[in-house]
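Enquirer: I'd like to ask you about the structure that follows.
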Amino acid sequence: MNDRAPAPGGLGLIEALVNSLNIETGADSLETEAGRAAFGLAETEVAAARELREALRAACLAHAGHPPHRATTPLDELLSAAPLLVTVAPGDGAAALRPARPETLTSRVAAAIASAVADGTWLRLKACEAPDCHWAYYDRSPAGRSRWCSMSVCGARAKMRTYRARRGTPPS
């Protein structure tokens with residue numbers, strides 16, 4: 001959908017999950033066996049994954065300063081079912097957060113968020129402001145103020161709508 005590089009580290013998992021639904025076309029990769037396999041999901045886990053996906057999309061929209069796209073279960077409520085453990089390496093004493101249940105998608109997402117918060121990248125994962133898109137992307141701009149997943153597609157459309165509105169030209 002966009003021409004941006006994937007999000008770094010564990011944020012790539014979250015970006016891929018949010019982008020597993022193409023809002024414009026309605027295509028949901030979680031409906032396919034290959035799409036579920038990409039996240040290690042059984043067919044019975046799809047409903048929960050979709051709920052998690054939309055809560056993550058709402059968080060990404062919030063990171064970009066946009067209201068939620070629809071009512072969702074609060075992300076912190078979903079993540080409360082995914083405890084993290086602090087592990088300390090005996091050799092060098094390095095500490096890390098690990099999912100208590102790494103086999104679950106929610107636990108892997110929780111660990112990715114915790115890691116991204118620790119390294120300061122969580123707020124850079126955003127969702128496109130275009131209502132027919134809301135594609136997740138990682139904002140690498142110096143000021144952290146990107147608004148669209150793709151300037152050449154969603155950004156151009158938004159700017160053209162604004163231009164036409166100023167000129168009184170009906171949108172096409």
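In the structure tokens, each chain is lettered A, B, ... as it comes, each chain's residues begin at 1, and ligands are numbered from 1 in order of appearance.
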Would you give me, as number ranges by chain, the residues in chain A that DSSP reads as helix (DSSP H, G or I)?
Expert: A: 11-18, 29-31, 33-37, 43-63, 75-79, 105-119, 122-124, 151-167
Enquirer: Print the selection's residues with C-alpha atoms to a file, as a short mmCIF file (atom, residue, chain, number, x, y, z; two decimals), in the first residue's frame.
Expert:
```
data_model
loop_
_atom_site.label_atom_id
_atom_site.label_comp_id
_atom_site.auth_asym_id
_atom_site.auth_seq_id
_atom_site.Cartn_x
_atom_site.Cartn_y
_atom_site.Cartn_z
CA LEU A 11 7.14 -2.80 15.58
CA GLY A 12 7.27 -4.64 12.26
CA LEU A 13 4.97 -7.29 13.74
CA ILE A 14 2.47 -4.64 14.83
CA GLU A 15 2.67 -2.79 11.51
CA ALA A 16 2.08 -6.05 9.62
CA LEU A 17 -0.88 -6.96 11.82
CA VAL A 18 -2.55 -3.56 11.41
CA SER A 29 -5.26 -11.51 4.96
CA LEU A 30 -6.34 -13.16 8.23
CA GLU A 31 -9.05 -14.86 6.17
CA GLU A 33 -4.30 -19.77 5.72
CA ALA A 34 -1.09 -18.01 4.63
CA GLY A 35 -2.19 -14.77 6.31
CA ARG A 36 -2.88 -16.58 9.59
CA ALA A 37 0.40 -18.50 9.36
CA GLU A 43 -8.44 -20.17 12.67
CA THR A 44 -10.03 -20.07 16.13
CA GLU A 45 -7.76 -17.16 17.13
CA VAL A 46 -8.73 -14.86 14.24
CA ALA A 47 -11.53 -12.99 16.04
CA ALA A 48 -9.20 -12.06 18.91
CA ALA A 49 -6.46 -11.08 16.44
CA ARG A 50 -8.90 -8.79 14.63
CA GLU A 51 -9.90 -7.16 17.91
CA LEU A 52 -6.22 -6.64 18.75
CA ARG A 53 -5.55 -5.30 15.25
CA GLU A 54 -8.25 -2.62 15.52
CA ALA A 55 -7.12 -1.57 19.01
CA LEU A 56 -3.58 -1.22 17.62
CA ARG A 57 -4.91 0.79 14.67
CA ALA A 58 -6.65 3.14 17.13
CA ALA A 59 -3.34 3.58 19.02
CA CYS A 60 -1.49 4.28 15.76
CA LEU A 61 -4.12 6.87 14.82
CA ALA A 62 -3.69 8.46 18.26
CA HIS A 63 0.08 8.63 17.71
CA LEU A 75 -5.48 -1.80 23.98
CA ASP A 76 -4.32 -1.92 27.60
CA GLU A 77 -7.27 -4.17 28.41
CA LEU A 78 -6.28 -6.60 25.65
CA LEU A 79 -2.62 -6.53 26.67
CA LEU A 105 0.15 -13.05 19.29
CA THR A 106 -0.99 -10.76 22.10
CA SER A 107 2.09 -11.64 24.16
CA ARG A 108 4.40 -10.97 21.22
CA VAL A 109 2.67 -7.63 20.59
CA ALA A 110 2.97 -6.70 24.28
CA ALA A 111 6.71 -7.44 24.22
CA ALA A 112 7.14 -5.43 21.02
CA ILE A 113 5.34 -2.44 22.52
CA ALA A 114 7.38 -2.62 25.73
CA SER A 115 10.61 -2.75 23.75
CA ALA A 116 9.52 0.13 21.49
CA VAL A 117 8.55 2.26 24.49
CA ALA A 118 11.96 1.58 26.05
CA ASP A 119 13.84 2.62 22.91
CA TRP A 122 6.52 3.39 19.90
CA LEU A 123 5.08 6.84 19.18
CA ARG A 124 6.58 6.78 15.67
CA MET A 151 2.62 11.17 0.03
CA SER A 152 2.19 10.08 -3.58
CA VAL A 153 -1.17 8.41 -2.95
CA CYS A 154 -3.02 9.40 0.24
CA GLY A 155 -1.19 12.71 0.66
CA ALA A 156 -1.78 13.70 -2.95
CA ARG A 157 -5.47 12.82 -2.69
CA ALA A 158 -5.89 14.87 0.49
CA LYS A 159 -4.07 17.86 -0.97
CA MET A 160 -6.15 17.68 -4.16
CA ARG A 161 -9.38 17.59 -2.11
CA THR A 162 -8.22 20.63 -0.14
CA TYR A 163 -7.27 22.45 -3.32
CA ARG A 164 -10.61 21.68 -4.97
CA ALA A 165 -12.52 22.74 -1.86
CA ARG A 166 -10.76 26.12 -1.92
CA ARG A 167 -11.44 26.55 -5.63
#
```
Enquirer: Among segment 36-123 of chain A, which residues carry a DSSP assignment of strand (DSSP E or B), reported as a ChimeraX atom specification?
Expert: /A:84-88,95-99
Enquirer: Set the distance at 10 Å and use only C-alpha atoms: which residues neighbour segment 22-24 of chain A once local chain neighbours fewer than 4 positions away are removed? I'd like the list as a CSV table (one decimal) with C-alpha atoms, in the first residue's frame.
Expert:
```
chain,number,residue,atom,x,y,z
A,1,MET,CA,0.0,0.0,0.0
A,18,VAL,CA,-2.5,-3.6,11.4
A,28,ASP,CA,-8.3,-9.2,5.1
A,29,SER,CA,-5.3,-11.5,5.0
A,131,PRO,CA,-10.3,7.6,6.3
A,132,ASP,CA,-10.3,5.0,3.5
A,133,CYS,CA,-6.7,3.9,4.3
A,134,HIS,CA,-5.6,4.0,8.0
A,135,TRP,CA,-2.5,2.0,6.9
```
Enquirer: Report as a compact mmCIF listing (two decimals) with N, CA, C and O atoms, in the first residue's frame all protein, DNA and RNA residues lying within 6 Å of segment 94-102 of chain A, evaluated on only C-alpha atoms, omitting residues in the same chain fewer than 5 positions from it.
Expert:
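Output contents, as saved in result-v8.txt:
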```txt
# COMPACT_ATOMS: atom_id res chain seq x y z
N PRO A 83 1.00 -11.17 30.08
CA PRO A 83 2.05 -10.73 31.01
C PRO A 83 3.45 -10.89 30.42
O PRO A 83 3.70 -11.76 29.59
N LEU A 84 4.31 -10.00 30.87
CA LEU A 84 5.71 -10.03 30.45
C LEU A 84 6.58 -10.40 31.64
O LEU A 84 6.26 -10.06 32.78
N LEU A 85 7.68 -11.05 31.37
CA LEU A 85 8.63 -11.43 32.41
C LEU A 85 9.93 -10.68 32.21
O LEU A 85 10.37 -10.49 31.08
N VAL A 86 10.55 -10.27 33.29
CA VAL A 86 11.88 -9.67 33.21
C VAL A 86 12.88 -10.81 33.32
O VAL A 86 12.84 -11.61 34.26
N THR A 87 13.74 -10.91 32.33
CA THR A 87 14.79 -11.93 32.36
C THR A 87 16.14 -11.22 32.46
O THR A 87 16.32 -10.13 31.91
N VAL A 88 17.05 -11.84 33.17
CA VAL A 88 18.40 -11.28 33.34
C VAL A 88 19.40 -12.35 32.91
O VAL A 88 19.39 -13.47 33.43
N ALA A 89 20.25 -11.99 31.96
CA ALA A 89 21.26 -12.92 31.45
C ALA A 89 22.34 -13.12 32.50
O ALA A 89 22.88 -12.13 33.02
N SER A 107 0.85 -11.71 23.37
CA SER A 107 2.09 -11.64 24.16
C SER A 107 3.24 -11.07 23.34
O SER A 107 4.03 -10.26 23.83
N ARG A 108 3.33 -11.48 22.08
CA ARG A 108 4.40 -10.97 21.22
C ARG A 108 4.21 -9.47 20.95
O ARG A 108 5.17 -8.70 20.93
N ALA A 111 5.26 -7.55 24.12
CA ALA A 111 6.71 -7.44 24.22
C ALA A 111 7.26 -6.42 23.22
O ALA A 111 8.16 -5.64 23.54
```
Enquirer: Please compute the atom CA of Glu129 of chain A-atom CA of Gly10 of chain A distance, one decimal, in Å.
Expert: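 Separation between atom CA of Glu129 of chain A and atom CA of Gly10 of chain A: 22.8 Å.
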Enquirer: Which distance in Å separates atom CA of Thr25 of chain A and atom CA of Ala136 of chain A, to one decimal?
Expert: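 Pair atom CA of Thr25 of chain A / atom CA of Ala136 of chain A returns 15.6 Å.
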Enquirer: Tell me which of A:Ala64, A:Pro6, A:Thr121, A:Phe39 sits closest to Arg145 of chain A, counting only C-alpha atoms.
Expert: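 Checking each of A:Ala64, A:Pro6, A:Thr121, A:Phe39 against Arg145 of chain A, counting only C-alpha atoms, the winner is A:Ala64.
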Enquirer: Quick one, how far is atom CA of Cys128 of chain A from atom CA of Gly9 of chain A?
Expert: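 Atom CA of Gly9 of chain A lies 20.2 Å from atom CA of Cys128 of chain A.
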